[in-house]
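For reference, protein_25.txt is printed below; it contains compact mmCIF, C-alpha atoms.
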# COMPACT_ATOMS: atom_id res chain seq x y z
CA MET N 1 -9.29 5.74 33.00
CA SER N 2 -9.82 8.87 35.05
CA GLU N 3 -12.86 10.06 33.05
CA ALA N 4 -15.51 8.60 30.81
CA ALA N 5 -14.49 7.50 27.33
CA ASP N 6 -16.11 8.99 24.24
CA LEU N 7 -16.97 5.56 22.78
CA LEU N 8 -17.03 2.05 24.14
CA PHE N 9 -17.29 -1.03 21.92
CA THR N 10 -18.53 -4.04 23.87
CA ASN N 11 -19.45 -7.67 23.13
CA VAL N 12 -16.59 -7.82 20.65
CA HIS N 13 -13.67 -10.13 19.92
CA LEU N 14 -10.43 -8.25 19.33
CA ALA N 15 -7.62 -9.26 16.98
CA THR N 16 -5.12 -6.74 18.34
CA MET N 17 -2.26 -7.78 15.99
CA ALA N 18 0.08 -6.67 18.77
CA PRO N 19 3.69 -7.80 18.25
CA GLY N 20 4.78 -10.89 20.10
CA ALA N 21 1.31 -12.37 20.51
CA ALA N 22 1.54 -16.15 20.83
CA ASP N 23 -1.26 -16.78 18.32
CA GLY N 24 -0.13 -14.05 15.91
CA TYR N 25 -3.53 -12.38 16.07
CA GLY N 26 -3.35 -11.15 19.66
CA ALA N 27 -6.90 -12.41 20.12
CA LEU N 28 -8.94 -11.15 23.08
CA PRO N 29 -12.37 -12.84 23.10
CA ASP N 30 -15.41 -11.30 24.79
CA ALA N 31 -13.67 -7.97 25.08
CA ALA N 32 -14.30 -4.25 25.00
CA LEU N 33 -12.41 -1.27 23.61
CA ALA N 34 -12.70 2.38 24.65
CA VAL N 35 -11.93 5.46 22.55
CA LYS N 36 -11.06 8.91 23.82
CA ASP N 37 -10.12 11.91 21.66
CA GLY N 38 -9.70 9.76 18.57
CA ARG N 39 -7.30 7.29 20.18
CA ILE N 40 -7.60 3.91 21.84
CA ALA N 41 -7.82 4.67 25.54
CA TRP N 42 -8.40 1.17 26.95
CA LEU N 43 -9.01 -2.42 25.89
CA GLY N 44 -9.53 -5.61 27.82
CA ALA N 45 -12.14 -8.00 29.18
CA ARG N 46 -15.72 -6.82 28.74
CA ARG N 47 -16.45 -7.21 32.44
CA ASP N 48 -13.76 -4.61 33.23
CA ALA N 49 -14.91 -2.00 30.72
CA PRO N 50 -14.81 1.67 31.83
CA PRO N 51 -17.77 4.03 31.55
CA ALA N 52 -18.35 5.86 28.27
CA ARG N 53 -20.66 8.51 26.87
CA THR N 54 -21.68 6.25 23.98
CA GLU N 55 -21.68 2.47 23.90
CA HIS N 56 -21.83 0.19 20.85
CA ASP N 57 -22.84 -3.45 21.30
CA CYS N 58 -20.95 -5.26 18.53
CA GLY N 59 -23.02 -8.42 18.76
CA GLY N 60 -20.05 -10.77 18.97
CA ALA N 61 -18.30 -9.44 15.84
CA TRP N 62 -14.53 -9.36 15.42
CA MET N 63 -12.59 -6.10 15.47
CA THR N 64 -9.19 -5.55 13.87
CA PRO N 65 -7.08 -2.48 13.29
CA GLY N 66 -8.20 -0.61 10.20
CA LEU N 67 -6.51 -2.25 7.23
CA ILE N 68 -3.61 -0.54 5.44
CA ASP N 69 -2.93 -0.73 1.70
CA CYS N 70 0.73 0.28 1.64
CA HIS N 71 1.45 0.19 -2.12
CA THR N 72 -0.91 1.64 -4.72
CA HIS N 73 -0.88 3.68 -7.92
CA ILE N 74 -4.60 4.30 -7.48
CA VAL N 75 -4.63 7.93 -8.72
CA HIS N 76 -4.38 7.81 -12.50
CA ALA N 77 -6.44 8.51 -15.61
CA GLY N 78 -7.71 5.99 -18.14
CA ASN N 79 -7.38 2.23 -18.11
CA ARG N 80 -5.66 -0.40 -20.21
CA SER N 81 -8.27 -3.12 -20.55
CA ASN N 82 -7.79 -2.90 -24.33
CA GLU N 83 -4.15 -3.92 -23.92
CA TRP N 84 -5.06 -6.77 -21.59
CA GLU N 85 -7.59 -8.01 -24.14
CA ALA N 86 -5.03 -7.68 -26.93
CA ARG N 87 -2.48 -9.74 -24.99
CA LEU N 88 -5.05 -12.47 -24.44
CA ASN N 89 -5.66 -12.44 -28.19
CA GLY N 90 -1.96 -12.99 -28.89
CA ALA N 91 -0.39 -9.52 -29.02
CA THR N 92 3.02 -9.14 -27.39
CA TYR N 93 4.19 -6.33 -25.14
CA GLU N 94 6.38 -5.17 -28.06
CA ASP N 95 3.31 -5.03 -30.34
CA ILE N 96 1.43 -2.94 -27.80
CA ALA N 97 4.39 -0.63 -27.19
CA ARG N 98 4.85 -0.01 -30.93
CA GLN N 99 1.20 1.07 -31.07
CA GLY N 100 1.80 3.60 -28.29
CA GLY N 101 0.50 1.43 -25.46
CA GLY N 102 1.96 0.38 -22.16
CA ILE N 103 2.74 2.79 -19.37
CA MET N 104 2.95 5.69 -21.83
CA SER N 105 -0.75 5.36 -22.61
CA THR N 106 -1.45 5.99 -18.91
CA VAL N 107 1.07 8.83 -18.91
CA ARG N 108 -0.71 10.51 -21.82
CA ALA N 109 -4.12 10.14 -20.15
CA THR N 110 -2.82 11.36 -16.80
CA ARG N 111 -0.97 14.34 -18.28
CA ALA N 112 -4.22 15.38 -19.99
CA ALA N 113 -6.27 15.23 -16.75
CA ASP N 114 -6.63 18.04 -14.24
CA VAL N 115 -6.99 17.37 -10.51
CA ASP N 116 -10.78 17.20 -10.70
CA ALA N 117 -10.65 14.66 -13.52
CA LEU N 118 -8.12 12.56 -11.64
CA LEU N 119 -10.36 12.62 -8.57
CA ALA N 120 -13.48 11.71 -10.55
CA GLN N 121 -11.77 8.54 -11.77
CA SER N 122 -9.86 7.70 -8.60
CA LEU N 123 -12.37 8.28 -5.78
CA PRO N 124 -14.58 5.29 -6.73
CA ARG N 125 -11.51 3.04 -6.70
CA VAL N 126 -10.55 4.31 -3.26
CA ALA N 127 -14.12 3.89 -1.99
CA ARG N 128 -14.01 0.20 -2.91
CA LEU N 129 -10.93 -0.26 -0.73
CA LEU N 130 -12.55 1.64 2.12
CA SER N 131 -15.60 -0.61 1.95
CA GLU N 132 -13.27 -3.48 2.95
CA GLY N 133 -12.02 -1.86 6.12
CA VAL N 134 -9.06 0.11 4.73
CA THR N 135 -8.36 3.24 6.77
CA THR N 136 -4.86 4.09 5.50
CA LEU N 137 -3.69 4.17 1.90
CA GLU N 138 -0.39 4.87 0.16
CA ILE N 139 -0.72 6.65 -3.19
CA LYS N 140 2.21 7.00 -5.59
CA SER N 141 2.76 9.46 -8.38
CA GLY N 142 4.67 8.28 -11.44
CA TYR N 143 2.25 8.62 -14.36
CA GLY N 144 3.03 12.27 -14.98
CA LEU N 145 6.81 12.11 -15.43
CA GLU N 146 7.02 15.89 -15.63
CA LEU N 147 6.66 18.47 -12.90
CA GLU N 148 3.12 19.77 -13.33
CA ALA N 149 1.54 16.37 -14.04
CA GLU N 150 3.33 14.79 -11.06
CA ALA N 151 2.16 17.70 -8.91
CA ARG N 152 -1.45 17.21 -10.04
CA MET N 153 -1.29 13.52 -9.11
CA LEU N 154 0.07 14.31 -5.66
CA ARG N 155 -2.46 17.10 -5.11
CA ALA N 156 -5.23 14.69 -6.08
CA ALA N 157 -3.83 12.15 -3.61
CA ARG N 158 -3.90 14.73 -0.82
CA GLU N 159 -7.46 15.66 -1.80
CA VAL N 160 -8.52 11.99 -1.54
CA GLY N 161 -7.58 12.18 2.14
CA ARG N 162 -9.66 15.30 2.59
CA ARG N 163 -12.77 14.04 0.81
CA LEU N 164 -12.87 10.48 2.15
CA PRO N 165 -12.30 9.07 5.66
CA VAL N 166 -8.86 7.65 4.92
CA ARG N 167 -5.32 8.54 5.89
CA VAL N 168 -3.24 9.05 2.72
CA ALA N 169 0.54 8.69 2.57
CA THR N 170 1.98 10.11 -0.64
CA THR N 171 5.02 8.77 -2.47
CA PHE N 172 6.93 10.51 -5.27
CA LEU N 173 7.66 7.98 -8.03
CA GLY N 174 9.05 10.25 -10.70
CA ALA N 175 11.64 7.55 -11.44
CA HIS N 176 8.93 5.19 -12.68
CA ALA N 177 9.74 5.25 -16.40
CA LEU N 178 11.69 7.39 -18.83
CA PRO N 179 9.40 9.98 -20.47
CA PRO N 180 9.56 10.26 -24.26
CA GLU N 181 11.04 13.75 -24.18
CA PHE N 182 14.11 12.30 -22.41
CA ALA N 183 14.53 9.29 -24.70
CA GLY N 184 18.16 8.18 -24.60
CA ARG N 185 18.92 10.67 -21.79
CA ALA N 186 18.07 8.81 -18.60
CA ASP N 187 20.79 10.53 -16.57
CA ASP N 188 19.50 13.95 -17.62
CA TYR N 189 16.02 12.94 -16.46
CA VAL N 190 17.37 11.79 -13.09
CA ASP N 191 19.13 15.17 -12.83
CA ALA N 192 15.76 16.88 -13.35
CA LEU N 193 14.12 14.66 -10.76
CA CYS N 194 16.78 15.26 -8.11
CA GLU N 195 17.52 18.93 -8.72
CA ARG N 196 14.15 20.39 -9.65
CA MET N 197 11.08 18.15 -9.39
CA LEU N 198 11.59 16.48 -6.03
CA PRO N 199 12.75 19.63 -4.17
CA GLN N 200 9.82 21.66 -5.50
CA LEU N 201 7.19 19.02 -4.74
CA ALA N 202 8.62 18.33 -1.30
CA GLY N 203 8.70 22.07 -0.64
CA GLU N 204 4.96 22.18 -1.35
CA GLY N 205 4.36 19.46 1.26
CA LEU N 206 3.18 16.95 -1.33
CA VAL N 207 5.70 14.17 -0.67
CA ASP N 208 5.91 11.79 2.29
CA ALA N 209 8.40 9.32 0.76
CA VAL N 210 10.37 8.65 -2.43
CA ASP N 211 10.26 5.50 -4.59
CA ALA N 212 11.89 4.34 -7.83
CA PHE N 213 11.67 1.46 -10.29
CA CYS N 214 15.10 -0.19 -10.23
CA GLU N 215 15.06 -2.62 -13.13
CA ARG N 216 16.60 -3.30 -16.53
CA ILE N 217 13.57 -1.60 -18.13
CA GLY N 218 13.55 1.09 -15.44
CA PHE N 219 16.44 2.83 -13.72
CA THR N 220 19.88 1.55 -12.84
CA ASN N 221 21.19 0.96 -9.36
CA ALA N 222 23.38 4.06 -9.65
CA GLN N 223 20.52 6.26 -10.89
CA THR N 224 18.29 4.97 -8.11
CA GLU N 225 20.93 5.78 -5.53
CA ARG N 226 21.04 9.35 -6.78
CA MET N 227 17.28 9.56 -6.13
CA PHE N 228 17.78 8.18 -2.64
CA LEU N 229 20.53 10.67 -1.84
CA ALA N 230 18.32 13.53 -3.02
CA ALA N 231 15.47 12.24 -0.87
CA ARG N 232 17.61 11.91 2.21
CA ARG N 233 18.95 15.45 1.78
CA LEU N 234 15.33 16.57 2.05
CA GLY N 235 14.69 14.37 5.08
CA LEU N 236 12.39 12.02 3.19
CA PRO N 237 12.34 8.22 3.68
CA VAL N 238 12.83 5.93 0.71
CA LYS N 239 11.35 2.71 -0.64
CA LEU N 240 11.85 0.78 -3.87
CA HIS N 241 10.25 -1.32 -6.59
CA ALA N 242 12.92 -4.01 -6.37
CA GLU N 243 13.68 -7.38 -7.93
CA GLN N 244 10.34 -7.73 -9.72
CA LEU N 245 11.72 -8.91 -13.07
CA SER N 246 15.39 -9.50 -12.31
CA ASP N 247 17.89 -9.14 -9.49
CA GLN N 248 19.39 -5.65 -9.71
CA GLN N 249 20.52 -5.63 -6.05
CA GLY N 250 17.81 -3.07 -5.37
CA ALA N 251 16.87 -4.59 -2.03
CA GLU N 252 20.46 -4.27 -0.86
CA LEU N 253 20.53 -0.66 -2.05
CA VAL N 254 17.32 0.41 -0.34
CA ALA N 255 18.33 -1.39 2.86
CA ARG N 256 21.68 0.41 2.82
CA HIS N 257 19.76 3.69 2.82
CA GLY N 258 17.53 2.60 5.73
CA GLY N 259 14.57 2.20 3.41
CA LEU N 260 11.05 1.65 4.66
CA SER N 261 10.32 -1.14 2.18
CA ALA N 262 11.37 -3.13 -0.85
CA ASP N 263 8.38 -4.11 -2.98
CA HIS N 264 7.60 -7.00 -5.38
CA LEU N 265 10.78 -9.09 -4.74
CA GLU N 266 10.11 -12.11 -6.94
CA HIS N 267 13.83 -12.28 -7.87
CA LEU N 268 15.17 -11.37 -4.43
CA SER N 269 18.53 -12.93 -3.49
CA GLN N 270 19.71 -14.16 -0.11
CA ALA N 271 22.07 -11.17 0.04
CA GLY N 272 19.07 -8.88 -0.39
CA ILE N 273 17.14 -10.73 2.30
CA ASP N 274 20.05 -10.46 4.74
CA ALA N 275 20.42 -6.74 4.04
CA MET N 276 16.71 -6.14 4.60
CA ALA N 277 16.77 -8.12 7.85
CA ARG N 278 19.67 -6.05 9.17
CA ALA N 279 18.04 -2.74 8.19
CA GLY N 280 14.48 -3.60 9.30
CA THR N 281 13.24 -2.97 5.74
CA VAL N 282 9.77 -4.41 5.12
CA ALA N 283 9.13 -6.79 2.23
CA VAL N 284 5.94 -5.63 0.48
CA LEU N 285 4.35 -8.53 -1.39
CA LEU N 286 2.17 -7.72 -4.41
CA PRO N 287 0.35 -10.86 -5.56
CA GLY N 288 -2.00 -8.94 -7.88
CA ALA N 289 0.75 -8.12 -10.38
CA TYR N 290 2.17 -11.65 -10.15
CA TYR N 291 -1.28 -13.08 -10.92
CA PHE N 292 -2.24 -10.58 -13.62
CA LEU N 293 1.05 -11.03 -15.51
CA ARG N 294 0.95 -14.81 -15.00
CA GLU N 295 4.47 -14.79 -13.56
CA LYS N 296 6.15 -18.04 -12.55
CA VAL N 297 8.94 -16.97 -10.17
CA GLU N 298 7.65 -16.64 -6.61
CA PRO N 299 9.12 -14.32 -3.98
CA PRO N 300 11.27 -16.29 -1.50
CA ILE N 301 8.68 -16.42 1.28
CA ASP N 302 10.37 -19.15 3.34
CA ALA N 303 13.71 -17.36 3.28
CA LEU N 304 12.10 -14.03 4.26
CA ARG N 305 10.25 -15.80 7.07
CA LYS N 306 13.39 -17.50 8.36
CA ALA N 307 15.32 -14.23 8.29
CA GLY N 308 12.59 -12.46 10.28
CA VAL N 309 11.89 -9.90 7.56
CA PRO N 310 8.39 -8.45 8.13
CA MET N 311 6.12 -9.10 5.15
CA ALA N 312 3.38 -6.65 4.16
CA VAL N 313 0.66 -7.35 1.58
CA ALA N 314 -0.79 -4.68 -0.74
CA THR N 315 -2.95 -4.39 -3.86
CA ASP N 316 -0.49 -2.54 -6.13
CA CYS N 317 -3.64 -1.05 -7.68
CA ASN N 318 -2.59 0.22 -11.11
CA PRO N 319 -4.05 0.15 -14.64
CA GLY N 320 -1.41 -1.99 -16.31
CA THR N 321 -0.44 -4.91 -14.09
CA SER N 322 -2.79 -5.02 -11.07
CA PRO N 323 -6.17 -3.33 -11.60
CA MET N 324 -7.33 -4.57 -8.20
CA THR N 325 -9.22 -2.66 -5.52
CA SER N 326 -9.58 -5.45 -2.95
CA LEU N 327 -7.04 -5.80 -0.18
CA LEU N 328 -8.93 -8.87 1.09
CA LEU N 329 -8.39 -10.52 -2.29
CA ALA N 330 -4.69 -9.62 -2.17
CA MET N 331 -4.51 -11.34 1.21
CA ASN N 332 -6.18 -14.45 -0.21
CA MET N 333 -3.82 -14.47 -3.19
CA ALA N 334 -0.77 -14.18 -0.94
CA CYS N 335 -1.96 -17.24 0.97
CA THR N 336 -3.08 -19.30 -2.02
CA LEU N 337 -0.27 -18.47 -4.45
CA TRP N 338 2.63 -18.11 -2.04
CA ARG N 339 1.52 -20.02 1.06
CA LEU N 340 1.45 -17.18 3.56
CA THR N 341 -0.61 -18.16 6.56
CA PRO N 342 -3.85 -16.22 7.16
CA GLN N 343 -2.21 -14.81 10.26
CA GLU N 344 0.74 -13.55 8.19
CA ALA N 345 -1.64 -12.07 5.61
CA LEU N 346 -3.51 -10.09 8.25
CA GLN N 347 -0.26 -8.96 9.82
CA GLY N 348 0.76 -7.92 6.30
CA ALA N 349 -2.29 -5.67 5.95
CA SER N 350 -1.98 -4.19 9.43
CA ILE N 351 1.14 -4.05 11.60
CA HIS N 352 3.69 -4.72 8.84
CA ALA N 353 1.93 -2.45 6.35
CA ALA N 354 2.06 0.33 8.95
CA ARG N 355 5.81 -0.25 9.32
CA ALA N 356 6.21 -0.09 5.51
CA LEU N 357 4.82 3.46 5.67
CA GLY N 358 6.74 4.48 8.78
CA LEU N 359 3.44 4.81 10.66
CA HIS N 360 3.72 1.87 13.07
CA GLY N 361 3.85 4.21 16.06
CA GLU N 362 0.35 5.49 15.20
CA ILE N 363 -1.60 2.69 13.51
CA GLY N 364 -1.54 -1.00 12.63
CA THR N 365 -2.39 -2.58 15.98
CA LEU N 366 -5.04 -2.26 18.68
CA GLU N 367 -2.99 -0.79 21.51
CA THR N 368 -3.64 2.04 23.94
CA GLY N 369 -2.44 5.36 22.64
CA LYS N 370 -2.73 4.47 18.95
CA ARG N 371 -5.20 6.08 16.58
CA ALA N 372 -8.69 4.62 16.83
CA ASP N 373 -8.69 3.28 13.26
CA LEU N 374 -10.79 0.14 13.55
CA ALA N 375 -12.69 -2.32 11.37
CA LEU N 376 -15.59 -4.48 12.55
CA TRP N 377 -16.20 -7.81 10.79
CA ASP N 378 -19.02 -10.35 10.66
CA ILE N 379 -16.71 -13.37 10.76
CA ALA N 380 -16.26 -16.46 12.91
CA ARG N 381 -12.48 -16.13 13.20
CA PRO N 382 -9.77 -13.80 11.87
CA ALA N 383 -8.60 -16.31 9.23
CA ASP N 384 -11.92 -15.75 7.44
CA LEU N 385 -10.63 -12.41 6.14
CA ALA N 386 -8.14 -14.17 3.86
CA TYR N 387 -10.28 -17.25 3.29
CA ALA N 388 -13.44 -16.31 1.41
CA MET N 389 -12.67 -15.08 -2.12
CA GLY N 390 -14.98 -12.26 -3.19
CA SER N 391 -16.52 -11.91 0.25
CA ASN N 392 -16.64 -8.62 2.10
CA PRO N 393 -17.73 -9.14 5.71
CA CYS N 394 -16.87 -5.59 6.80
CA ARG N 395 -19.75 -4.15 8.85
CA THR N 396 -18.42 -0.89 10.28
CA VAL N 397 -15.27 1.19 10.06
CA VAL N 398 -13.99 3.67 12.65
CA LYS N 399 -11.54 6.34 11.51
CA ASP N 400 -9.88 8.47 14.21
CA GLY N 401 -12.68 7.50 16.59
CA VAL N 402 -15.51 8.43 14.20
CA VAL N 403 -17.92 5.57 13.35
CA ARG N 404 -19.10 5.22 9.77
CA ALA N 405 -20.71 2.61 7.59
CA ALA N 406 -18.32 0.50 5.58
CA HIS N 407 -19.90 1.50 2.26
CA ILE N 408 -19.74 5.18 1.34
CA ALA N 409 -20.97 7.10 -1.68
CA VAL N 410 -18.62 9.24 -3.75
For this file, write the structure as structure tokens.
Amino acid sequence: MSEAADLLFTNVHLATMAPGAADGYGALPDAALAVKDGRIAWLGARRDAPPARTEHDCGGAWMTPGLIDCHTHIVHAGNRSNEWEARLNGATYEDIARQGGGIMSTVRATRAADVDALLAQSLPRVARLLSEGVTTLEIKSGYGLELEAEARMLRAAREVGRRLPVRVATTFLGAHALPPEFAGRADDYVDALCERMLPQLAGEGLVDAVDAFCERIGFTNAQTERMFLAARRLGLPVKLHAEQLSDQQGAELVARHGGLSADHLEHLSQAGIDAMARAGTVAVLLPGAYYFLREKVEPPIDALRKAGVPMAVATDCNPGTSPMTSLLLAMNMACTLWRLTPQEALQGASIHAARALGLHGEIGTLETGKRADLALWDIARPADLAYAMGSNPCRTVVKDGVVRAAHIAV
């Protein structure tokens, strides 16, 4: 470096998560890392560290890239613990739906909430993720299902990124469910999404990507493709809730459109895997929903691994099927339920999660030139992050080169 760094972290072990590392972690023991202008300026052996204006002795802790939760529905109003309790007491999904429950109960609560109300409920959920080293978060809409309510959700998501030290990527999920006012008219609703809602929201700068729920109880392959074509006309990348409950060839569809990710994937076929591998589409694994719904069909982890499809791990934080605000727990679940290795789980919450958001050029690894989004951990080895259920060993988080405590008040 030609001039002094702004910050220097010394006496630290680095898990760089750089691609191609022989151990998968890219471990650099007894290292140092320098930050300049919010970016990683240098990293290497501690003895070779450059001068810096401020130095932090990390006391032998481990440092990773800031974690990335690449699939959430974390901005919403209300909760559905009453429905969960009713199911445990023997009620069926049909019983709950007849009583006005299910996703429409969240839609009603979200439609009734203004941006401030959405923030009041959502910020504490986000803060819990941040306390575990998360520095980047995807937030979907999809509980408004009409223009103004979807806009409020997306505005609240943007405001989360202004109020808390987290990078927020927004995703328009208008094609999440059919709203009651369009009952029996799914194609008309897709027309409204493609011709009015998405263009207006994108024109306001509220949308970073477009998603849909392609499923027998959601939207058809053809309807989903119409959403993708509308997104691509606006220059927006696409992703998809695919193959969660059945194989609708959604993974093949999103791969054909160069999609960032296909998410859930419990019923993914070999044809879908091959299409994703060719397109570089990331498989986003969501063990929280699998666990909460007590599903039995596992995503085809071995086949994804053999095909070289990158696998991300996310919380899927939502009120109906995965009310979880712990990415570390999601990592543990992915290992315990589906036999990911701890190395794969950490890759899934860093480098592969960054790729699932199209941000791998900026974040996800400790490499010179990338944003200085860092997490410092009191652990003996990187595998500990996925190992200890309910543990949070995060000591310090650095966002864009600014050091803060892991726990923040909202």
- Query: For the point (-3.4, 1.9, -9.2) in file coordinates, what residues are within 8 Å, counting only C-alpha atoms? Give the answer as number ranges by chain?
  - Reply: N: 72-76, 316-319, 322-324
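Minimum distance to N:Glu298 across N:Ala22, N:Leu268, N:Leu234, N:Val126 (counting only C-alpha atoms) occurs at N:Leu268.
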- Distance query N:Val12 at most 9 Å, only C-alpha atoms, self and fewer than 2 positions along chain excluded, as a ChimeraX atom specification: /N:9-10,14,28-33,46,57-63,376
- Item | Nearby residues (all atoms listed in the file) at most 9 Å from N:Tyr290, same-chain spacing under 6 positions excluded, as a count of residues only | 7
- Task: Choose the residue, out of N:Ala91, N:Val166, N:Ala151, N:Leu357, that has the smallest atom-to-atom separation from N:Gly203; count all atoms listed in the file.
- Result: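 For N:Gly203, the nearest of the candidates is N:Ala151.
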- Item | Who sits within 12 Å of N:Arg339, all atoms listed in the file, same chain under 3 positions skipped, as a list in words |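 Here the qualifying residues turn out to be Pro287, Glu298, Pro299, Pro300, Ile301, Asp302, Arg305, Met331, Asn332, Met333, Ala334, Cys335, Thr336, Pro342, Gln343, Glu344, Ala345 and Ala386 of chain N.
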- Query: Which polymer residues have any atom within 12 Å of an atom of N:Ser131, counting only C-alpha atoms, with same-chain residues fewer than 2 positions away left out, as number ranges by chain?
  - Reply: N: 66-67, 124-129, 133-135, 164-166, 325-328, 375-377, 391-398, 404-410
- Task: Choose the residue, out of N:Leu201, N:Leu340, N:Ala356, N:Val190, that has the smallest atom-to-atom separation from N:Leu240; count only C-alpha atoms.
- Result: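 Nearest candidate to N:Leu240 out of N:Leu201, N:Leu340, N:Ala356, N:Val190: N:Ala356.
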- Message: At a cut-off of 12 Å, using all atoms listed in the file, what residues contact N:Gly161? Leave out same-chain residues fewer than 3 positions from it and give the result as a list in words.
- Response: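 Within the cut-off, the hits are Leu119, Ser122, Leu123, Val126, Ala127, Leu130, Thr135, Thr136, Leu137, Glu138, Ile139, Leu154, Arg155, Ala156, Ala157, Arg158, Leu164, Pro165, Val166, Arg167, Val168, Ala169, Thr170 and Lys399 of chain N.
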- Give me, please, the distance in Å between atom CA of N:Asp384 and atom CA of N:Met17, quoted to one decimal. 15.2 Å
- Using all atoms listed in the file, find the one residue out of N:Gly390, N:Val402, N:Gly218, N:Leu337 that sits nearest to N:Arg294.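 Once distances to N:Arg294 are computed over all atoms listed in the file, the minimum belongs to N:Leu337.
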- Using all atoms listed in the file, which residue out of N:Gly142, N:Pro199, N:Pro50, N:Gly26 lies closest to N:Thr171? N:Gly142
- Message: When you count all atoms listed in the file, which of these residues is closest to N:Leu293: N:Ala383, N:Ala77, N:Leu88, N:Ile40?
- Response: N:Leu88
